[in-house]
Every structure is written in structure tokens, then in C-alpha cells.
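J.: mmCIF, C-alpha atoms, saved as structure.cif, coming up:
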data_my_file
loop_
_atom_site.group_PDB
_atom_site.id
_atom_site.type_symbol
_atom_site.label_atom_id
_atom_site.label_comp_id
_atom_site.auth_asym_id
_atom_site.auth_seq_id
_atom_site.Cartn_x
_atom_site.Cartn_y
_atom_site.Cartn_z
ATOM 1 C CA MET A 1 71.136 74.081 96.411
ATOM 2 C CA GLY A 2 71.099 75.201 92.745
ATOM 3 C CA ILE A 3 69.820 73.683 89.550
ATOM 4 C CA LYS A 4 71.153 70.297 88.493
ATOM 5 C CA LEU A 5 71.521 69.191 84.892
ATOM 6 C CA LEU A 6 72.485 65.561 84.286
ATOM 7 C CA GLY A 7 73.631 65.330 87.884
ATOM 8 C CA VAL A 8 75.936 68.361 87.653
ATOM 9 C CA SER A 9 75.052 71.639 89.291
ATOM 10 C CA LEU A 10 74.443 74.366 86.711
ATOM 11 C CA PRO A 11 77.125 76.775 88.024
ATOM 12 C CA LEU A 12 79.740 73.989 87.843
ATOM 13 C CA LEU A 13 78.654 73.115 84.303
ATOM 14 C CA VAL A 14 78.913 76.756 83.183
ATOM 15 C CA ILE A 15 82.346 77.124 84.767
ATOM 16 C CA SER A 16 83.525 73.925 83.037
ATOM 17 C CA ILE A 17 82.339 75.117 79.628
ATOM 18 C CA ILE A 18 83.958 78.536 80.126
ATOM 19 C CA ALA A 19 87.221 76.905 81.237
ATOM 20 C CA VAL A 20 87.376 74.617 78.176
ATOM 21 C CA THR A 21 86.474 77.447 75.791
ATOM 22 C CA SER A 22 88.904 79.947 77.291
ATOM 23 C CA THR A 23 91.724 77.407 77.359
ATOM 24 C CA ALA A 24 91.053 76.512 73.721
ATOM 25 C CA ALA A 25 90.860 80.205 72.823
ATOM 26 C CA ASP A 26 94.383 80.746 74.178
ATOM 27 C CA GLU A 27 95.960 77.893 72.203
ATOM 28 C CA THR A 28 96.900 77.494 68.561
ATOM 29 C CA GLY A 29 98.133 74.810 66.220
ATOM 30 C CA LYS A 30 98.535 71.164 67.073
ATOM 31 C CA PRO A 31 97.784 71.557 70.819
ATOM 32 C CA LEU A 32 94.525 73.290 69.908
ATOM 33 C CA ILE A 33 93.647 70.614 67.347
ATOM 34 C CA THR A 34 94.329 67.871 69.886
ATOM 35 C CA LYS A 35 92.296 69.514 72.650
ATOM 36 C CA THR A 36 89.427 70.555 70.371
ATOM 37 C CA CYS A 37 89.178 67.184 68.631
ATOM 38 C CA ALA A 38 89.253 65.342 71.953
ATOM 39 C CA GLY A 39 85.932 67.008 72.742
ATOM 40 C CA THR A 40 84.246 65.698 69.594
ATOM 41 C CA GLU A 41 82.421 62.457 68.897
ATOM 42 C CA PHE A 42 84.995 61.415 66.273
ATOM 43 C CA PRO A 43 88.408 62.661 67.466
ATOM 44 C CA ASP A 44 90.420 60.610 64.936
ATOM 45 C CA VAL A 45 88.432 61.951 61.971
ATOM 46 C CA CYS A 46 88.667 65.442 63.419
ATOM 47 C CA THR A 47 92.428 65.318 63.985
ATOM 48 C CA SER A 48 93.379 63.721 60.687
ATOM 49 C CA THR A 49 91.157 66.026 58.642
ATOM 50 C CA LEU A 50 92.213 69.239 60.341
ATOM 51 C CA GLU A 51 95.904 68.312 60.346
ATOM 52 C CA SER A 52 95.670 67.656 56.596
ATOM 53 C CA ASP A 53 95.216 71.410 56.086
ATOM 54 C CA PRO A 54 98.488 73.247 56.839
ATOM 55 C CA ARG A 55 96.600 76.393 57.887
ATOM 56 C CA SER A 56 95.301 74.513 60.932
ATOM 57 C CA LEU A 57 98.777 74.253 62.406
ATOM 58 C CA SER A 58 98.877 77.999 63.125
ATOM 59 C CA ALA A 59 95.177 78.692 63.678
ATOM 60 C CA ASP A 60 93.409 79.846 66.805
ATOM 61 C CA LEU A 61 89.957 78.490 67.689
ATOM 62 C CA LYS A 62 88.110 80.877 65.382
ATOM 63 C CA GLY A 63 90.504 80.158 62.497
ATOM 64 C CA LEU A 64 90.313 76.425 63.105
ATOM 65 C CA SER A 65 86.520 76.626 63.068
ATOM 66 C CA ARG A 66 86.523 78.453 59.734
ATOM 67 C CA ILE A 67 88.958 75.946 58.243
ATOM 68 C CA ALA A 68 86.699 73.113 59.437
ATOM 69 C CA LEU A 69 83.720 74.849 57.819
ATOM 70 C CA GLU A 70 85.609 75.181 54.532
ATOM 71 C CA LEU A 71 86.724 71.548 54.695
ATOM 72 C CA SER A 72 83.143 70.403 55.211
ATOM 73 C CA ALA A 73 82.210 72.121 51.934
ATOM 74 C CA THR A 74 85.194 70.512 50.187
ATOM 75 C CA LYS A 75 84.273 67.053 51.469
ATOM 76 C CA GLY A 76 80.629 67.614 50.483
ATOM 77 C CA ASN A 77 81.747 68.659 47.013
ATOM 78 C CA ASP A 78 83.866 65.499 46.745
ATOM 79 C CA SER A 79 80.821 63.406 47.689
ATOM 80 C CA ALA A 80 78.691 65.248 45.128
ATOM 81 C CA GLY A 81 81.295 64.504 42.446
ATOM 82 C CA LEU A 82 81.310 60.827 43.323
ATOM 83 C CA ALA A 83 77.496 60.689 43.271
ATOM 84 C CA TYR A 84 77.472 62.492 39.914
ATOM 85 C CA ASN A 85 79.922 60.028 38.355
ATOM 86 C CA LEU A 86 77.832 57.109 39.589
ATOM 87 C CA LEU A 87 74.666 58.825 38.374
ATOM 88 C CA GLN A 88 76.066 59.043 34.843
ATOM 89 C CA ASN A 89 76.377 55.260 34.741
ATOM 90 C CA ALA A 90 73.050 54.373 36.390
ATOM 91 C CA THR A 91 71.044 51.993 34.209
ATOM 92 C CA ALA A 92 67.869 51.550 36.272
ATOM 93 C CA PHE A 93 65.432 54.089 37.684
ATOM 94 C CA LYS A 94 65.837 53.242 41.399
ATOM 95 C CA PRO A 95 69.618 53.749 41.595
ATOM 96 C CA TRP A 96 69.326 56.762 39.286
ATOM 97 C CA SER A 97 66.718 58.414 41.534
ATOM 98 C CA GLU A 98 68.696 57.662 44.717
ATOM 99 C CA LEU A 99 71.939 58.966 43.231
ATOM 100 C CA SER A 100 70.089 62.037 41.950
ATOM 101 C CA ALA A 101 68.802 62.708 45.454
ATOM 102 C CA CYS A 102 72.312 62.365 46.902
ATOM 103 C CA PHE A 103 73.871 64.564 44.218
ATOM 104 C CA TYR A 104 71.209 67.259 44.536
ATOM 105 C CA GLY A 105 71.345 67.216 48.334
ATOM 106 C CA TYR A 106 75.117 67.519 48.457
ATOM 107 C CA ASN A 107 75.184 70.291 45.858
ATOM 108 C CA THR A 108 72.491 72.273 47.630
ATOM 109 C CA SER A 109 74.161 71.939 51.026
ATOM 110 C CA VAL A 110 77.644 72.748 49.744
ATOM 111 C CA ASN A 111 76.307 75.870 48.046
ATOM 112 C CA GLN A 112 74.547 76.812 51.283
ATOM 113 C CA ILE A 113 77.860 76.596 53.127
ATOM 114 C CA LYS A 114 79.748 78.522 50.442
ATOM 115 C CA ASP A 115 77.088 81.192 49.894
ATOM 116 C CA GLN A 116 75.710 81.721 53.376
ATOM 117 C CA GLY A 117 77.638 79.630 55.889
ATOM 118 C CA LEU A 118 81.011 81.269 55.325
ATOM 119 C CA GLN A 119 79.495 84.753 55.160
ATOM 120 C CA SER A 120 77.549 84.139 58.360
ATOM 121 C CA PHE A 121 80.710 82.853 60.021
ATOM 122 C CA ASP A 122 82.641 85.966 58.997
ATOM 123 C CA GLU A 123 79.843 88.129 60.409
ATOM 124 C CA GLY A 124 80.033 86.290 63.743
ATOM 125 C CA LYS A 125 76.740 84.480 63.163
ATOM 126 C CA TYR A 126 78.160 81.120 64.119
ATOM 127 C CA ASP A 127 74.744 79.597 64.730
ATOM 128 C CA GLU A 128 73.833 80.214 61.069
ATOM 129 C CA ALA A 129 77.099 78.631 59.899
ATOM 130 C CA TYR A 130 76.237 75.686 62.163
ATOM 131 C CA GLU A 131 72.839 75.368 60.474
ATOM 132 C CA ALA A 132 74.491 75.228 57.030
ATOM 133 C CA VAL A 133 76.762 72.381 58.154
ATOM 134 C CA ASP A 134 73.809 70.646 59.779
ATOM 135 C CA LEU A 135 72.059 70.549 56.377
ATOM 136 C CA LEU A 136 75.061 68.799 54.841
ATOM 137 C CA ASN A 137 75.160 66.381 57.759
ATOM 138 C CA LYS A 138 71.491 65.537 57.247
ATOM 139 C CA ASP A 139 72.070 65.036 53.518
ATOM 140 C CA ALA A 140 74.903 62.585 54.225
ATOM 141 C CA LEU A 141 72.702 60.663 56.656
ATOM 142 C CA ARG A 142 69.784 60.628 54.215
ATOM 143 C CA CYS A 143 71.990 59.467 51.352
ATOM 144 C CA SER A 144 73.383 56.654 53.504
ATOM 145 C CA THR A 145 69.846 55.265 53.931
ATOM 146 C CA PHE A 146 69.853 54.375 50.223
ATOM 147 C CA GLU A 147 72.640 51.875 50.929
ATOM 148 C CA ILE A 148 74.621 52.627 47.785
ATOM 149 C CA PRO A 149 77.836 50.650 48.371
ATOM 150 C CA GLU A 150 79.990 53.003 46.276
ATOM 151 C CA LEU A 151 78.947 55.936 48.502
ATOM 152 C CA ASP A 152 79.210 54.184 51.889
ATOM 153 C CA GLU A 153 82.732 55.344 52.715
ATOM 154 C CA SER A 154 82.110 58.886 51.500
ATOM 155 C CA ASN A 155 78.807 59.179 53.380
ATOM 156 C CA THR A 156 80.313 57.824 56.582
ATOM 157 C CA MET A 157 83.280 60.201 56.454
ATOM 158 C CA LEU A 158 81.079 63.177 55.568
ATOM 159 C CA SER A 159 78.596 62.373 58.319
ATOM 160 C CA LYS A 160 81.355 62.039 60.914
ATOM 161 C CA PHE A 161 83.241 65.146 59.860
ATOM 162 C CA THR A 162 80.163 67.365 59.693
ATOM 163 C CA THR A 163 79.255 66.149 63.189
ATOM 164 C CA VAL A 164 82.751 67.231 64.276
ATOM 165 C CA VAL A 165 82.392 70.628 62.576
ATOM 166 C CA LYS A 166 79.076 71.240 64.324
ATOM 167 C CA THR A 167 80.728 70.518 67.678
ATOM 168 C CA ILE A 168 83.628 72.873 66.926
ATOM 169 C CA LEU A 169 81.335 75.652 65.706
ATOM 170 C CA HIS A 170 79.244 75.278 68.848
ATOM 171 C CA LEU A 171 82.287 76.303 70.897
ATOM 172 C CA LEU A 172 81.969 79.777 69.378
ATOM 173 C CA PHE A 173 78.411 80.487 70.488
#
Translate this structure into C-alpha cells?
T.:
Amino acid sequence: MGIKLLGVSLPLLVISIIAVTSTAADETGKPLITKTCAGTEFPDVCTSTLESDPRSLSADLKGLSRIALELSATKGNDSAGLAYNLLQNATAFKPWSELSACFYGYNTSVNQIKDQGLQSFDEGKYDEAYEAVDLLNKDALRCSTFEIPELDESNTMLSKFTTVVKTILHLLF
């Protein structure tokens, strides 16, 4: 009979995952972006962000994953810059402390990606790169709980894109 997971027999599930991964591994460029992003929770964010980097148009799955990892650090750095600018103009303790938490969280996570995430990726330790992106994702979600209107758009985009990057990285391990 076999083991069933979510109503699908385990051998069928394994074959499906291998088929998607091997098909994606054989493609490059826009077809790869389209297929890979279709398997994410936020395909529009995935497609538009990856297509904004010209390197993605000739990348294979591994290259696309590294580009996505780099872009997550860039987007996190952009969010940190926005939080910092708002922090400089904070006039009350509560917004100052919330903006400080956002700024510190983003900076720490971005440095984690730059210092360890990219190195881990290059060493084939994709699970460790995933963990670095997961920290940034958690920081975006935590910062969004402060309900700072000027950071809403940035937090939403960062949360969605880091979710996408985690999905793409997971294809490698």
C-alpha cells in the first residue's frame, strides 16, 4: 500500500519533487524564472524581483538561487536604510524604540546573509543559507507588528520576497 502524506502516496510525492527539480535544473533564464516562481507563495513578487536583475535571465537554478539570496540582502539593506532615516526623526520613545528594533534586526540579518549566508551557499550548505534568509524574514514580520505606516510597504515586500527566497533555496536541498 505505501505511506500516504496529505493523501498522496510517498513514492508519488518523491517522484513529483524530483521531476520538478530536475526540470528546473535543466532550464535557464525566463522559462526557469517563470517555472520556479510559479511554485512560490508570491509568484508576482518573485518574477518581478528576479527579472529586475539582468543576471537572472541567463542563470540556471543554482545561479538564480544565489541571485535571490543576494537580492534578499539588498532589499533588507534598503529596509534598514528606511528605518534608520525614520529613526533619526523620531521624537517620542515608543516610535524610536520600535524603529531601533527594526533597524537593528535588519542590519543583523543582512550581515548574517552577507557574512555567512553567501559563504554557506557557495560551499553547498544551502540549508544554512536558508536559515540566514529565515532570520531576515522573521525580522520583517516582527517589524510589521509595530504597525509603523512608513515601513508597511517595505516590510510587506521584504516578508514576501524572503518567503520566496526560502522556497527557491529549498529546491537545492
J.: To test your reading of the syntax: which residues would the PyMOL selection byres ((chain A and resi 133) around 8) return for the file shown? Reply as an NGL selection string.
T.: :A and (69 or 72 or 109 or 113 or 117 or 129-132 or 134-137 or 162 or 165-166)
J.: Which value, in Å to one decimal, gives the distance between CA of Asp127 in chain A and CA of Glu41 in chain A?
T.: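 One can read the CA of Asp127 in chain A to CA of Glu41 in chain A distance as 19.2 Å.
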J.: Please, what distance in Å, to one decimal, runs between CA of Ala92 in chain A and CA of Phe146 in chain A?
T.: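 Those two atoms sit 14.4 Å apart.
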J.: Taking the file as I've supplied it (selection: the PyMOL selection byres ((chain A and resi 160) around 9)), which residues are included? Please answer as an MDAnalysis selection string.
T.: chainID A and resid 41:42 45:46 137 155:159 161:165
J.: Nearest residue to Lys35 in chain A out of A:Glu153, A:Glu70, A:Asp60, A:Glu147, using all atoms listed in the file?
T.: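 Of A:Glu153, A:Glu70, A:Asp60, A:Glu147, the one nearest Lys35 in chain A is A:Asp60, counting all atoms listed in the file.
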J.: Name the residues that the PyMOL selection byres ((chain A and resi 99) around 9) picks from the file above, as a PyMOL selection string, using the file's chain letters and numbers.
T.: chain A and resi 83-84+86-87+90+94-98+100-104+143+146+148
J.: Which polymer residues, whether protein, DNA or RNA, lie within 10 Å of the coordinate (79.0, 81.0, 71.9) when you count all atoms listed in the file? List them as a compact mmCIF listing (two decimals) with C-alpha atoms, in the coordinates of the input, using the chain letters and numbers from the file.
T.:
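Printed below is point_32.txt as written:
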# COMPACT_ATOMS: atom_id res chain seq x y z
CA ILE A 18 83.96 78.54 80.13
CA THR A 21 86.47 77.45 75.79
CA GLY A 124 80.03 86.29 63.74
CA LYS A 125 76.74 84.48 63.16
CA TYR A 126 78.16 81.12 64.12
CA ASP A 127 74.74 79.60 64.73
CA LEU A 169 81.33 75.65 65.71
CA HIS A 170 79.24 75.28 68.85
CA LEU A 171 82.29 76.30 70.90
CA LEU A 172 81.97 79.78 69.38
CA PHE A 173 78.41 80.49 70.49
J.: Using all atoms listed in the file, which of the listed residues (A:Thr28, A:Asn77, A:Thr91, A:Gln116) sits closest to Ser154 in chain A?
T.: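 Closest to Ser154 in chain A of all the choices is A:Asn77.
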J.: Measuring between all atoms listed in the file, which one of A:Asp44, A:Asp122, A:Asp78, A:Asp152 shows the shortest distance to Lys62 in chain A?
T.: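 Residue with the minimum atom-to-atom distance to Lys62 in chain A: A:Asp122.
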J.: Tell me, in Å to one decimal, how far CA of Lys75 in chain A is from CA of Thr40 in chain A.
T.: 18.2 Å
J.: Put a box with edges along x, y and z around all the listed atoms of range 148-158 of chain A, pad it by 8 Å on each side, then give me its centre and sizes in Å, one decimal, as AutoDock Vina command-line options.
T.:
--center_x 79.0 --center_y 56.9 --center_z 51.4 --size_x 24.7 --size_y 28.5 --size_z 26.3
J.: May I ask which of the residues A:Leu71, A:Leu151, A:Gln112, A:Leu141 is the closest one to Glu128 in chain A, counting all atoms listed in the file?
T.: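 Ranking A:Leu71, A:Leu151, A:Gln112, A:Leu141 by distance to Glu128 in chain A, first place goes to A:Gln112.
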J.: What lies within 8 Å of Glu27 in chain A using all atoms listed in the file, ignoring chain neighbours under 4 positions off, as number ranges by chain?
T.: A: 23, 31-32, 60-61
J.: Only all heavy atoms, please: range 97-113 of chain A from the block, as a JSON list (two decimals), in the first residue's frame.
T.:
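Output file selection25.json follows:
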[["chain", "number", "residue", "atom", "x", "y", "z"],
["A", 97, "SER", "N", 12.03, 53.43, 19.86],
["A", 97, "SER", "CA", 12.42, 52.08, 20.26],
["A", 97, "SER", "C", 11.98, 51.05, 19.20],
["A", 97, "SER", "O", 12.71, 50.10, 18.92],
["A", 97, "SER", "CB", 11.86, 51.72, 21.63],
["A", 97, "SER", "OG", 10.46, 51.65, 21.62],
["A", 98, "GLU", "N", 10.81, 51.24, 18.61],
["A", 98, "GLU", "CA", 10.33, 50.32, 17.58],
["A", 98, "GLU", "C", 11.19, 50.42, 16.32],
["A", 98, "GLU", "O", 11.58, 49.40, 15.74],
["A", 98, "GLU", "CB", 8.86, 50.61, 17.25],
["A", 98, "GLU", "CG", 7.93, 50.25, 18.40],
["A", 98, "GLU", "CD", 6.50, 50.71, 18.19],
["A", 98, "GLU", "OE1", 6.24, 51.57, 17.31],
["A", 98, "GLU", "OE2", 5.62, 50.20, 18.91],
["A", 99, "LEU", "N", 11.50, 51.64, 15.92],
["A", 99, "LEU", "CA", 12.36, 51.84, 14.74],
["A", 99, "LEU", "C", 13.76, 51.31, 15.00],
["A", 99, "LEU", "O", 14.40, 50.75, 14.10],
["A", 99, "LEU", "CB", 12.38, 53.31, 14.35],
["A", 99, "LEU", "CG", 11.10, 53.83, 13.74],
["A", 99, "LEU", "CD1", 11.06, 55.36, 13.74],
["A", 99, "LEU", "CD2", 10.92, 53.28, 12.32],
["A", 100, "SER", "N", 14.25, 51.48, 16.23],
["A", 100, "SER", "CA", 15.57, 50.94, 16.59],
["A", 100, "SER", "C", 15.57, 49.42, 16.46],
["A", 100, "SER", "O", 16.54, 48.84, 15.94],
["A", 100, "SER", "CB", 15.94, 51.32, 18.02],
["A", 100, "SER", "OG", 16.14, 52.69, 18.14],
["A", 101, "ALA", "N", 14.50, 48.80, 16.92],
["A", 101, "ALA", "CA", 14.40, 47.34, 16.83],
["A", 101, "ALA", "C", 14.38, 46.88, 15.37],
["A", 101, "ALA", "O", 15.05, 45.91, 15.00],
["A", 101, "ALA", "CB", 13.16, 46.84, 17.56],
["A", 102, "CYS", "N", 13.64, 47.60, 14.53],
["A", 102, "CYS", "CA", 13.59, 47.26, 13.11],
["A", 102, "CYS", "C", 14.96, 47.44, 12.46],
["A", 102, "CYS", "O", 15.46, 46.55, 11.76],
["A", 102, "CYS", "CB", 12.56, 48.12, 12.38],
["A", 102, "CYS", "SG", 10.85, 47.80, 12.85],
["A", 103, "PHE", "N", 15.57, 48.59, 12.71],
["A", 103, "PHE", "CA", 16.88, 48.89, 12.13],
["A", 103, "PHE", "C", 17.92, 47.85, 12.56],
["A", 103, "PHE", "O", 18.64, 47.30, 11.74],
["A", 103, "PHE", "CB", 17.32, 50.30, 12.53],
["A", 103, "PHE", "CG", 18.72, 50.64, 12.11],
["A", 103, "PHE", "CD1", 19.02, 50.82, 10.77],
["A", 103, "PHE", "CD2", 19.73, 50.77, 13.05],
["A", 103, "PHE", "CE1", 20.32, 51.13, 10.37],
["A", 103, "PHE", "CE2", 21.02, 51.08, 12.67],
["A", 103, "PHE", "CZ", 21.32, 51.26, 11.32],
["A", 104, "TYR", "N", 17.98, 47.56, 13.84],
["A", 104, "TYR", "CA", 18.95, 46.61, 14.36],
["A", 104, "TYR", "C", 18.69, 45.21, 13.78],
["A", 104, "TYR", "O", 19.62, 44.51, 13.36],
["A", 104, "TYR", "CB", 18.89, 46.55, 15.89],
["A", 104, "TYR", "CG", 19.81, 45.52, 16.47],
["A", 104, "TYR", "CD1", 21.19, 45.73, 16.55],
["A", 104, "TYR", "CD2", 19.29, 44.30, 16.92],
["A", 104, "TYR", "CE1", 22.02, 44.75, 17.07],
["A", 104, "TYR", "CE2", 20.13, 43.33, 17.44],
["A", 104, "TYR", "CZ", 21.49, 43.56, 17.52],
["A", 104, "TYR", "OH", 22.31, 42.59, 18.03],
["A", 105, "GLY", "N", 17.44, 44.81, 13.76],
["A", 105, "GLY", "CA", 17.10, 43.49, 13.22],
["A", 105, "GLY", "C", 17.49, 43.35, 11.76],
["A", 105, "GLY", "O", 18.09, 42.34, 11.37],
["A", 106, "TYR", "N", 17.14, 44.34, 10.96],
["A", 106, "TYR", "CA", 17.50, 44.29, 9.54],
["A", 106, "TYR", "C", 19.01, 44.26, 9.35],
["A", 106, "TYR", "O", 19.53, 43.46, 8.57],
["A", 106, "TYR", "CB", 16.92, 45.48, 8.78],
["A", 106, "TYR", "CG", 15.42, 45.43, 8.61],
["A", 106, "TYR", "CD1", 14.66, 46.59, 8.65],
["A", 106, "TYR", "CD2", 14.75, 44.23, 8.40],
["A", 106, "TYR", "CE1", 13.29, 46.55, 8.50],
["A", 106, "TYR", "CE2", 13.38, 44.18, 8.24],
["A", 106, "TYR", "CZ", 12.66, 45.35, 8.29],
["A", 106, "TYR", "OH", 11.31, 45.31, 8.13],
["A", 107, "ASN", "N", 19.72, 45.12, 10.05],
["A", 107, "ASN", "CA", 21.18, 45.16, 9.92],
["A", 107, "ASN", "C", 21.81, 43.83, 10.30],
["A", 107, "ASN", "O", 22.70, 43.34, 9.59],
["A", 107, "ASN", "CB", 21.78, 46.28, 10.79],
["A", 107, "ASN", "CG", 22.03, 47.52, 10.00],
["A", 107, "ASN", "OD1", 22.06, 47.52, 8.78],
["A", 107, "ASN", "ND2", 22.21, 48.62, 10.70],
["A", 108, "THR", "N", 21.37, 43.26, 11.40],
["A", 108, "THR", "CA", 21.92, 41.99, 11.86],
["A", 108, "THR", "C", 21.66, 40.89, 10.84],
["A", 108, "THR", "O", 22.56, 40.12, 10.49],
["A", 108, "THR", "CB", 21.32, 41.61, 13.22],
["A", 108, "THR", "OG1", 21.59, 42.66, 14.15],
["A", 108, "THR", "CG2", 21.89, 40.31, 13.74],
["A", 109, "SER", "N", 20.45, 40.82, 10.34],
["A", 109, "SER", "CA", 20.09, 39.78, 9.38],
["A", 109, "SER", "C", 20.80, 39.95, 8.05],
["A", 109, "SER", "O", 21.26, 38.96, 7.45],
["A", 109, "SER", "CB", 18.57, 39.77, 9.15],
["A", 109, "SER", "OG", 17.91, 39.43, 10.33],
["A", 110, "VAL", "N", 20.89, 41.18, 7.57],
["A", 110, "VAL", "CA", 21.59, 41.42, 6.31],
["A", 110, "VAL", "C", 23.06, 41.02, 6.45],
["A", 110, "VAL", "O", 23.62, 40.37, 5.55],
["A", 110, "VAL", "CB", 21.45, 42.90, 5.87],
["A", 110, "VAL", "CG1", 22.42, 43.24, 4.75],
["A", 110, "VAL", "CG2", 20.01, 43.18, 5.42],
["A", 111, "ASN", "N", 23.68, 41.39, 7.55],
["A", 111, "ASN", "CA", 25.07, 40.99, 7.76],
["A", 111, "ASN", "C", 25.22, 39.48, 7.86],
["A", 111, "ASN", "O", 26.21, 38.92, 7.39],
["A", 111, "ASN", "CB", 25.65, 41.68, 9.00],
["A", 111, "ASN", "CG", 25.94, 43.14, 8.73],
["A", 111, "ASN", "OD1", 26.26, 43.53, 7.62],
["A", 111, "ASN", "ND2", 25.82, 43.96, 9.75],
["A", 112, "GLN", "N", 24.23, 38.82, 8.43],
["A", 112, "GLN", "CA", 24.25, 37.35, 8.51],
["A", 112, "GLN", "C", 24.22, 36.75, 7.10],
["A", 112, "GLN", "O", 24.95, 35.80, 6.81],
["A", 112, "GLN", "CB", 23.04, 36.87, 9.32],
["A", 112, "GLN", "CG", 22.97, 35.38, 9.51],
["A", 112, "GLN", "CD", 23.87, 34.89, 10.61],
["A", 112, "GLN", "OE1", 24.45, 35.65, 11.37],
["A", 112, "GLN", "NE2", 24.04, 33.58, 10.68],
["A", 113, "ILE", "N", 23.41, 37.32, 6.24],
["A", 113, "ILE", "CA", 23.35, 36.83, 4.85],
["A", 113, "ILE", "C", 24.67, 37.09, 4.14],
["A", 113, "ILE", "O", 25.23, 36.21, 3.51],
["A", 113, "ILE", "CB", 22.17, 37.47, 4.08],
["A", 113, "ILE", "CG1", 20.84, 36.96, 4.63],
["A", 113, "ILE", "CG2", 22.28, 37.17, 2.57],
["A", 113, "ILE", "CD1", 19.63, 37.69, 4.10]]
